[in-house]
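Structure file structure.txt (compact mmCIF, C-alpha atoms) is printed below.
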# COMPACT_ATOMS: atom_id res chain seq x y z
CA MET A 1138 33.38 -5.58 18.94
CA PRO A 1139 34.18 -2.24 17.23
CA PRO A 1140 31.44 -1.16 14.81
CA ASN A 1141 33.61 -1.46 11.69
CA GLU A 1142 35.38 -4.70 12.58
CA GLY A 1143 34.97 -7.32 9.89
CA LEU A 1144 33.79 -4.84 7.23
CA VAL A 1145 35.26 -4.93 3.76
CA GLN A 1146 36.49 -1.36 3.42
CA SER A 1147 36.17 -1.11 -0.34
CA LEU A 1148 32.59 -2.39 -0.18
CA GLU A 1149 31.80 -0.02 2.67
CA LYS A 1150 33.14 2.90 0.62
CA GLY A 1151 31.14 1.79 -2.40
CA LEU A 1152 27.94 1.71 -0.36
CA LYS A 1153 28.69 5.19 0.97
CA VAL A 1154 29.05 6.37 -2.62
CA LEU A 1155 25.60 5.00 -3.43
CA GLU A 1156 24.11 6.63 -0.34
CA ALA A 1157 25.70 9.97 -1.23
CA LEU A 1158 24.34 9.78 -4.77
CA ALA A 1159 20.89 8.97 -3.44
CA ALA A 1160 21.04 12.01 -1.16
CA ALA A 1161 22.30 14.24 -4.00
CA GLY A 1162 19.18 13.57 -6.05
CA GLU A 1163 19.98 15.40 -9.29
CA GLY A 1164 23.57 14.19 -9.51
CA VAL A 1165 26.96 15.26 -8.26
CA GLY A 1166 30.43 15.76 -9.74
CA LEU A 1167 33.53 13.83 -8.84
CA SER A 1168 35.18 16.62 -6.84
CA GLU A 1169 32.05 17.38 -4.84
CA LEU A 1170 31.42 13.70 -4.13
CA SER A 1171 35.01 13.29 -2.99
CA ARG A 1172 34.60 16.24 -0.62
CA ARG A 1173 31.32 14.94 0.81
CA LEU A 1174 32.75 11.49 1.46
CA GLY A 1175 36.11 12.63 2.76
CA LEU A 1176 37.91 10.38 0.27
CA ASN A 1177 40.52 11.27 -2.32
CA LYS A 1178 39.35 11.74 -5.89
CA SER A 1179 41.24 8.74 -7.28
CA THR A 1180 39.54 6.38 -4.81
CA VAL A 1181 36.09 7.80 -5.53
CA TYR A 1182 36.75 7.63 -9.28
CA ARG A 1183 37.67 3.92 -9.07
CA LEU A 1184 34.57 3.18 -7.03
CA LEU A 1185 32.35 5.09 -9.47
CA THR A 1186 33.92 3.33 -12.45
CA THR A 1187 33.22 -0.09 -10.93
CA LEU A 1188 29.66 0.80 -9.94
CA LYS A 1189 29.07 2.28 -13.38
CA ALA A 1190 30.27 -0.92 -15.07
CA TYR A 1191 27.63 -2.89 -13.18
CA GLY A 1192 24.84 -0.41 -13.84
CA TYR A 1193 24.52 0.94 -10.29
CA VAL A 1194 25.81 4.37 -11.30
CA GLU A 1195 25.29 6.47 -14.42
CA GLN A 1196 27.17 9.52 -15.67
CA GLU A 1197 25.52 12.33 -17.58
CA ALA A 1198 27.45 13.00 -20.77
CA ALA A 1199 26.81 16.75 -20.84
CA THR A 1200 27.61 17.59 -17.21
CA GLU A 1201 29.75 14.57 -16.22
CA ARG A 1202 27.72 14.43 -13.03
CA TYR A 1203 27.02 11.03 -11.47
CA THR A 1204 23.60 9.66 -10.52
CA LEU A 1205 22.21 6.35 -9.35
CA GLY A 1206 21.72 3.79 -12.13
CA LEU A 1207 18.63 1.80 -12.98
CA LYS A 1208 20.15 -1.36 -11.47
CA VAL A 1209 19.45 0.14 -8.04
CA LEU A 1210 15.79 0.40 -9.02
CA ASP A 1211 15.80 -3.28 -9.99
CA LEU A 1212 17.02 -4.20 -6.51
CA SER A 1213 14.50 -2.01 -4.70
CA SER A 1214 11.65 -3.30 -6.87
CA SER A 1215 12.64 -6.87 -6.05
CA LEU A 1216 12.52 -6.07 -2.33
CA LEU A 1217 9.18 -4.30 -2.58
CA ASP A 1218 7.70 -7.19 -4.54
CA ARG A 1219 8.52 -9.50 -1.64
CA LEU A 1220 6.95 -7.37 1.08
CA ASP A 1221 4.04 -9.25 2.65
CA VAL A 1222 1.12 -6.83 2.69
CA ARG A 1223 -0.59 -8.86 5.42
CA ALA A 1224 2.42 -8.63 7.71
CA VAL A 1225 2.75 -4.90 7.05
CA ALA A 1226 -0.96 -4.25 7.61
CA HIS A 1227 -1.55 -6.34 10.74
CA PRO A 1228 -0.31 -3.75 13.29
CA TYR A 1229 -2.59 -1.17 11.68
CA LEU A 1230 -5.55 -3.53 11.94
CA LYS A 1231 -4.84 -3.87 15.66
CA GLU A 1232 -4.78 -0.10 16.01
CA LEU A 1233 -8.04 0.27 14.09
CA ALA A 1234 -9.77 -2.37 16.20
CA ALA A 1235 -8.57 -0.73 19.42
CA ALA A 1236 -9.50 2.79 18.32
CA SER A 1237 -12.96 1.85 17.05
CA GLN A 1238 -13.75 -1.09 19.36
CA GLU A 1239 -15.07 -2.80 16.25
CA VAL A 1240 -13.69 -5.53 13.96
CA ALA A 1241 -10.90 -4.64 11.55
CA HIS A 1242 -10.48 -6.68 8.36
CA MET A 1243 -8.05 -6.85 5.49
CA VAL A 1244 -8.91 -8.39 2.12
CA ILE A 1245 -7.21 -9.03 -1.19
CA ARG A 1246 -8.82 -9.44 -4.61
CA ASN A 1247 -9.01 -12.87 -6.21
CA ASN A 1248 -11.07 -14.01 -9.20
CA GLY A 1249 -13.34 -10.98 -9.02
CA GLU A 1250 -14.09 -11.33 -5.31
CA ALA A 1251 -12.74 -9.95 -2.04
CA VAL A 1252 -11.07 -12.56 0.18
CA TYR A 1253 -10.55 -12.02 3.91
CA VAL A 1254 -6.88 -12.56 4.76
CA ASP A 1255 -6.70 -10.98 8.23
CA LYS A 1256 -9.05 -10.03 11.05
CA VAL A 1257 -8.67 -8.37 14.45
CA GLU A 1258 -11.59 -8.30 16.87
CA GLY A 1259 -12.47 -5.14 18.76
CA ASN A 1260 -13.47 -4.86 22.40
CA ARG A 1261 -17.19 -5.36 21.84
CA THR A 1262 -18.81 -8.50 23.17
CA ILE A 1263 -20.57 -9.03 19.82
CA ARG A 1264 -18.48 -11.12 17.42
CA MET A 1265 -18.79 -11.12 13.64
CA TYR A 1266 -19.10 -14.28 11.56
CA SER A 1267 -16.41 -13.24 9.04
CA GLN A 1268 -13.60 -15.77 8.72
CA ILE A 1269 -10.16 -15.80 7.12
CA GLY A 1270 -10.51 -17.19 3.61
CA HIS A 1271 -14.19 -16.22 3.32
CA ARG A 1272 -15.10 -14.64 -0.03
CA VAL A 1273 -17.51 -11.75 -0.53
CA ALA A 1274 -18.79 -9.83 -3.52
CA MET A 1275 -17.02 -6.61 -4.41
CA HIS A 1276 -20.00 -4.44 -5.36
CA SER A 1277 -21.79 -4.94 -2.02
CA THR A 1278 -18.91 -4.52 0.44
CA ALA A 1279 -16.87 -1.53 1.59
CA VAL A 1280 -13.59 -3.35 0.96
CA GLY A 1281 -14.72 -4.45 -2.47
CA LYS A 1282 -15.87 -0.99 -3.52
CA ALA A 1283 -12.65 0.52 -2.13
CA MET A 1284 -10.70 -1.68 -4.57
CA LEU A 1285 -13.09 -1.32 -7.52
CA ALA A 1286 -12.87 2.47 -7.30
CA PHE A 1287 -9.17 2.42 -8.11
CA LEU A 1288 -9.05 -0.32 -10.70
CA PRO A 1289 -8.95 0.50 -14.44
CA PRO A 1290 -12.50 0.85 -15.84
CA GLU A 1291 -12.01 -2.11 -18.18
CA GLU A 1292 -11.05 -4.32 -15.23
CA VAL A 1293 -14.13 -3.23 -13.29
CA ALA A 1294 -16.30 -4.01 -16.33
CA LYS A 1295 -14.72 -7.44 -16.61
CA ILE A 1296 -15.40 -8.24 -12.94
CA ILE A 1297 -19.03 -7.14 -13.16
CA ALA A 1298 -19.52 -9.02 -16.43
CA GLY A 1299 -18.28 -12.19 -14.74
CA LYS A 1300 -19.91 -11.81 -11.33
CA GLY A 1301 -22.92 -9.64 -12.03
CA LEU A 1302 -24.55 -7.38 -9.44
CA PRO A 1303 -26.59 -9.79 -7.32
CA ARG A 1304 -28.83 -8.40 -4.58
CA PHE A 1305 -28.06 -9.48 -1.01
CA THR A 1306 -30.19 -6.97 0.90
CA PRO A 1307 -32.70 -4.26 -0.09
CA ARG A 1308 -29.79 -1.77 -0.05
CA THR A 1309 -27.47 -3.65 -2.45
CA ILE A 1310 -26.40 -1.76 -5.58
CA THR A 1311 -27.74 -3.66 -8.58
CA THR A 1312 -27.19 -1.34 -11.56
CA MET A 1313 -23.97 -0.28 -13.25
CA ALA A 1314 -25.01 3.37 -13.23
CA ALA A 1315 -25.51 3.31 -9.46
CA LEU A 1316 -22.21 1.49 -8.96
CA GLU A 1317 -20.30 3.99 -11.08
CA ALA A 1318 -21.79 6.87 -9.09
CA GLU A 1319 -20.82 5.12 -5.86
CA LEU A 1320 -17.25 4.55 -7.05
CA ASP A 1321 -16.98 8.25 -7.94
CA ARG A 1322 -17.93 9.04 -4.35
CA VAL A 1323 -15.31 6.60 -3.05
CA ARG A 1324 -12.58 8.21 -5.15
CA GLU A 1325 -13.61 11.64 -3.87
CA SER A 1326 -13.71 10.74 -0.18
CA GLY A 1327 -10.97 8.11 -0.13
CA TYR A 1328 -13.12 5.53 1.64
CA ALA A 1329 -16.09 3.29 0.86
CA ILE A 1330 -19.23 2.46 2.84
CA ASP A 1331 -21.25 -0.75 3.04
CA ASP A 1332 -24.53 0.44 4.51
CA SER A 1333 -25.99 -3.00 5.23
CA GLU A 1334 -25.61 -3.79 1.53
CA ASN A 1335 -24.00 -7.20 1.95
CA GLU A 1336 -25.49 -8.31 5.25
CA GLU A 1337 -28.48 -6.97 7.14
CA GLY A 1338 -27.58 -5.09 10.31
CA ILE A 1339 -23.87 -4.72 9.47
CA ARG A 1340 -22.25 -1.45 8.44
CA CYS A 1341 -18.62 -1.25 7.21
CA VAL A 1342 -16.19 1.47 6.20
CA GLY A 1343 -13.23 0.51 3.98
CA ALA A 1344 -10.21 2.02 2.24
CA PRO A 1345 -7.76 0.85 -0.44
CA ILE A 1346 -4.13 -0.22 -0.11
CA PHE A 1347 -1.68 0.46 -2.97
CA ASP A 1348 1.67 -1.14 -3.80
CA HIS A 1349 4.87 0.56 -5.00
CA ARG A 1350 3.63 0.51 -8.59
CA GLY A 1351 0.46 2.38 -7.66
CA ARG A 1352 -1.80 -0.66 -8.07
CA VAL A 1353 -4.60 -1.29 -5.61
CA VAL A 1354 -3.68 -4.65 -4.07
CA ALA A 1355 -5.82 -4.89 -0.95
CA ALA A 1356 -8.28 -3.05 1.26
CA LEU A 1357 -8.98 -2.76 4.97
CA SER A 1358 -12.14 -1.98 6.87
CA ILE A 1359 -13.84 -1.35 10.17
CA SER A 1360 -17.06 -3.36 10.53
CA GLY A 1361 -19.74 -3.72 13.15
CA PRO A 1362 -23.45 -3.85 13.91
CA THR A 1363 -25.39 -0.80 12.75
CA LEU A 1364 -26.23 -0.25 16.44
CA HIS A 1365 -22.55 0.60 17.02
CA VAL A 1366 -21.35 1.74 13.59
CA THR A 1367 -23.90 4.51 13.27
CA PRO A 1368 -24.14 6.97 10.35
CA GLU A 1369 -22.77 9.65 12.68
CA ARG A 1370 -19.58 7.61 13.24
CA VAL A 1371 -18.97 6.90 9.55
CA PRO A 1372 -16.94 10.05 8.75
CA GLU A 1373 -14.67 9.48 11.76
CA LEU A 1374 -14.18 5.80 10.93
CA GLY A 1375 -13.66 6.70 7.29
CA GLN A 1376 -10.77 8.98 8.24
CA LEU A 1377 -9.27 6.22 10.38
CA VAL A 1378 -9.30 3.58 7.63
CA ARG A 1379 -8.19 6.02 4.95
CA GLN A 1380 -5.19 7.11 7.03
CA ALA A 1381 -4.28 3.51 7.84
CA GLY A 1382 -4.55 2.62 4.15
CA TRP A 1383 -2.19 5.44 3.24
CA GLU A 1384 0.32 4.45 5.92
CA ILE A 1385 0.35 0.83 4.77
CA SER A 1386 0.64 1.91 1.14
CA ARG A 1387 3.60 4.15 1.93
CA HIS A 1388 5.24 1.27 3.79
CA LEU A 1389 4.82 -0.80 0.62
CA GLY A 1390 6.60 1.90 -1.38
CA TYR A 1391 3.60 3.76 -2.77
CA LYS A 1392 4.28 7.35 -3.76
CA PRO A 1393 1.18 9.24 -4.93
CA ASP A 1394 1.54 11.63 -7.85
Please rewrite the model in this file as C-alpha cells.
Amino acid sequence: MPPNEGLVQSLEKGLKVLEALAAAGEGVGLSELSRRLGLNKSTVYRLLTTLKAYGYVEQEAATERYTLGLKVLDLSSSLLDRLDVRAVAHPYLKELAAASQEVAHMVIRNNGEAVYVDKVEGNRTIRMYSQIGHRVAMHSTAVGKAMLAFLPPEEVAKIIAGKGLPRFTPRTITTMAALEAELDRVRESGYAIDDSENEEGIRCVGAPIFDHRGRVVAALSISGPTLHVTPERVPELGQLVRQAGWEISRHLGYKPD
C-alpha cells in the first residue's frame, strides 16, 4: 500500500504545520512557513487559523510570527504523565546487572519509605533477599538517600519526623546533621552510597530518576556483598547508575536547567 494511502490530506498538512513550527523554535512568518512546507500561502493561512482557534498555534501580535500554542504542551504533558517509569527503566536495569554482575534494583517512594518495584539479578551465584514490594527506610539505603537528596527540604523534614532515623547497623546515619551532610555529598556526586548501613555485609550505590516536571520519582541501584562491591568499585558503579538515571529521566521528558 502506498505510504500516503488512506491519509486525510488536510490533517496531514496540519500536522506538518505543527512539526514545522516546532522546528522553527522562536516562530515563523506565513510566507516563510509556506515556503518551507511547499504549500501556497492561502492553504497555510487556513490551517494556521484553524489550529489557532483550537489553541495549538499562537501568533505574536508585534511580529505576526506563528509559534506552537500551549494546547500542544497539554497533550505532551498528558503523554508523559502516562509513561510507566518501571517499563522505561527495566532495560537499563538489565544493562546495569550485566555490566556490574551484581543486582540492579529500582524503587519508588511511598509513605516515607522506598519500595522495590523491579529487580534484575546479576551473574553472581550469590542471590540477595530483596523482593518486589519490600519496603526499606530512606535514610539508610542508597536508593532512599538518592531520592531524599533531591526532595524539597520541608518534605525531607516531614519524612524524618514521621519515620525517624532508626539504627539498623553500626554504620547507619542516626542524626539529622549527619544526614544533611550526606545528602550534600549525594547532590555533589550525583549518586548515593549505602555502606552496609541498612544490612550488614551489603553495599549499594544508587542514583535518582526525575520526571518531566523535574521531580524525583524513583531511584535505581547496584547492590551486592561487600566482598564484591568493594570501596574501589564504588566510583565506577556510581558513574554507571548515575548515567542510567539520567538516561531514564531524559526518556521520561526530564530536561535539566
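Taking atom CA of Thr1306 of chain A as the reference point, atom CA of Glu1334 of chain A is found at 5.6 Å.
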Closest of A:Ala1161, A:Val1280, A:Leu1233, A:Met1275 to Ile1310 of chain A - atom-to-atom distances counting only C-alpha atoms: A:Met1275
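Residues in contact with Arg1202 of chain A at 10 Å, where all atoms listed in the file are counted and same-chain residues fewer than 6 positions away are skipped, are listed as Glu1163, Gly1164, Val1165, Gly1166, Leu1167, Ser1168, Glu1169, Leu1170, Glu1195 and Gln1196 of chain A.
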For C-alpha atoms, I'd like the residues from the last selection saved as a JSON list (two decimals), keeping the file's coordinate frame.
[["chain", "number", "residue", "atom", "x", "y", "z"],
["A", 1163, "GLU", "CA", 19.98, 15.40, -9.29],
["A", 1164, "GLY", "CA", 23.57, 14.19, -9.51],
["A", 1165, "VAL", "CA", 26.96, 15.26, -8.26],
["A", 1166, "GLY", "CA", 30.43, 15.76, -9.74],
["A", 1167, "LEU", "CA", 33.53, 13.83, -8.84],
["A", 1168, "SER", "CA", 35.18, 16.62, -6.84],
["A", 1169, "GLU", "CA", 32.05, 17.38, -4.84],
["A", 1170, "LEU", "CA", 31.42, 13.70, -4.13],
["A", 1195, "GLU", "CA", 25.29, 6.47, -14.42],
["A", 1196, "GLN", "CA", 27.17, 9.52, -15.67]]
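Around the coordinate (1.0, 2.5, -5.2), residues that reach within 12 Å when counting only C-alpha atoms are Leu1217, Asp1218, Phe1287, Leu1288, Pro1345, Ile1346, Phe1347, Asp1348, His1349, Arg1350, Gly1351, Arg1352, Val1353, Val1354, Ala1355, Gly1382, Trp1383, Glu1384, Ile1385, Ser1386, Arg1387, His1388, Leu1389, Gly1390, Tyr1391, Lys1392, Pro1393 and Asp1394 of chain A.
Note that the spacing between atom CA of Ile1297 of chain A and atom CA of Asn1335 of chain A amounts to 15.9 Å.
Across the model, the gap from atom CA of Asp1321 of chain A to atom CA of Ala1286 of chain A is 7.1 Å.
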7 Å contact set for Asp1331 of chain A, only C-alpha atoms, chain neighbours under 6 positions out, as a PyMOL selection string: chain A and resi 1277-1279+1340-1342
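The closest residue to Ala1160 of chain A, picked from A:Leu1205, A:Ser1147, A:Asn1247, A:Arg1183 and counting all atoms listed in the file, is A:Leu1205.
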Selected residue, from A:Lys1231, A:Leu1212, A:Phe1305, A:Ala1283, that lies nearest to Glu1325 of chain A when counting only C-alpha atoms: A:Ala1283
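Within a radius of 12 Å around (-16.9, 7.0, -5.5), the polymer residues are His1276, Ala1279, Lys1282, Ala1283, Met1284, Leu1285, Ala1286, Phe1287, Leu1288, Ala1314, Ala1315, Leu1316, Glu1317, Ala1318, Glu1319, Leu1320, Asp1321, Arg1322, Val1323, Arg1324, Glu1325, Ser1326, Gly1327, Tyr1328, Ala1329, Ile1330 and Ala1344 of chain A, counting only C-alpha atoms.
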Write out the residues from the selection above, keeping C-alpha atoms, as a compact mmCIF listing (two decimals), in the frame of the given file.
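In the end it all went to part_4.txt:
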# COMPACT_ATOMS: atom_id res chain seq x y z
CA HIS A 1276 -20.00 -4.44 -5.36
CA ALA A 1279 -16.87 -1.53 1.59
CA LYS A 1282 -15.87 -0.99 -3.52
CA ALA A 1283 -12.65 0.52 -2.13
CA MET A 1284 -10.70 -1.68 -4.57
CA LEU A 1285 -13.09 -1.32 -7.52
CA ALA A 1286 -12.87 2.47 -7.30
CA PHE A 1287 -9.17 2.42 -8.11
CA LEU A 1288 -9.05 -0.32 -10.70
CA ALA A 1314 -25.01 3.37 -13.23
CA ALA A 1315 -25.51 3.31 -9.46
CA LEU A 1316 -22.21 1.49 -8.96
CA GLU A 1317 -20.30 3.99 -11.08
CA ALA A 1318 -21.79 6.87 -9.09
CA GLU A 1319 -20.82 5.12 -5.86
CA LEU A 1320 -17.25 4.55 -7.05
CA ASP A 1321 -16.98 8.25 -7.94
CA ARG A 1322 -17.93 9.04 -4.35
CA VAL A 1323 -15.31 6.60 -3.05
CA ARG A 1324 -12.58 8.21 -5.15
CA GLU A 1325 -13.61 11.64 -3.87
CA SER A 1326 -13.71 10.74 -0.18
CA GLY A 1327 -10.97 8.11 -0.13
CA TYR A 1328 -13.12 5.53 1.64
CA ALA A 1329 -16.09 3.29 0.86
CA ILE A 1330 -19.23 2.46 2.84
CA ALA A 1344 -10.21 2.02 2.24
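Among the candidates A:Glu1239, A:Asp1211, A:Glu1250, A:Glu1336, the residue lying nearest to Arg1272 of chain A is A:Glu1250 (atoms considered: only C-alpha atoms).
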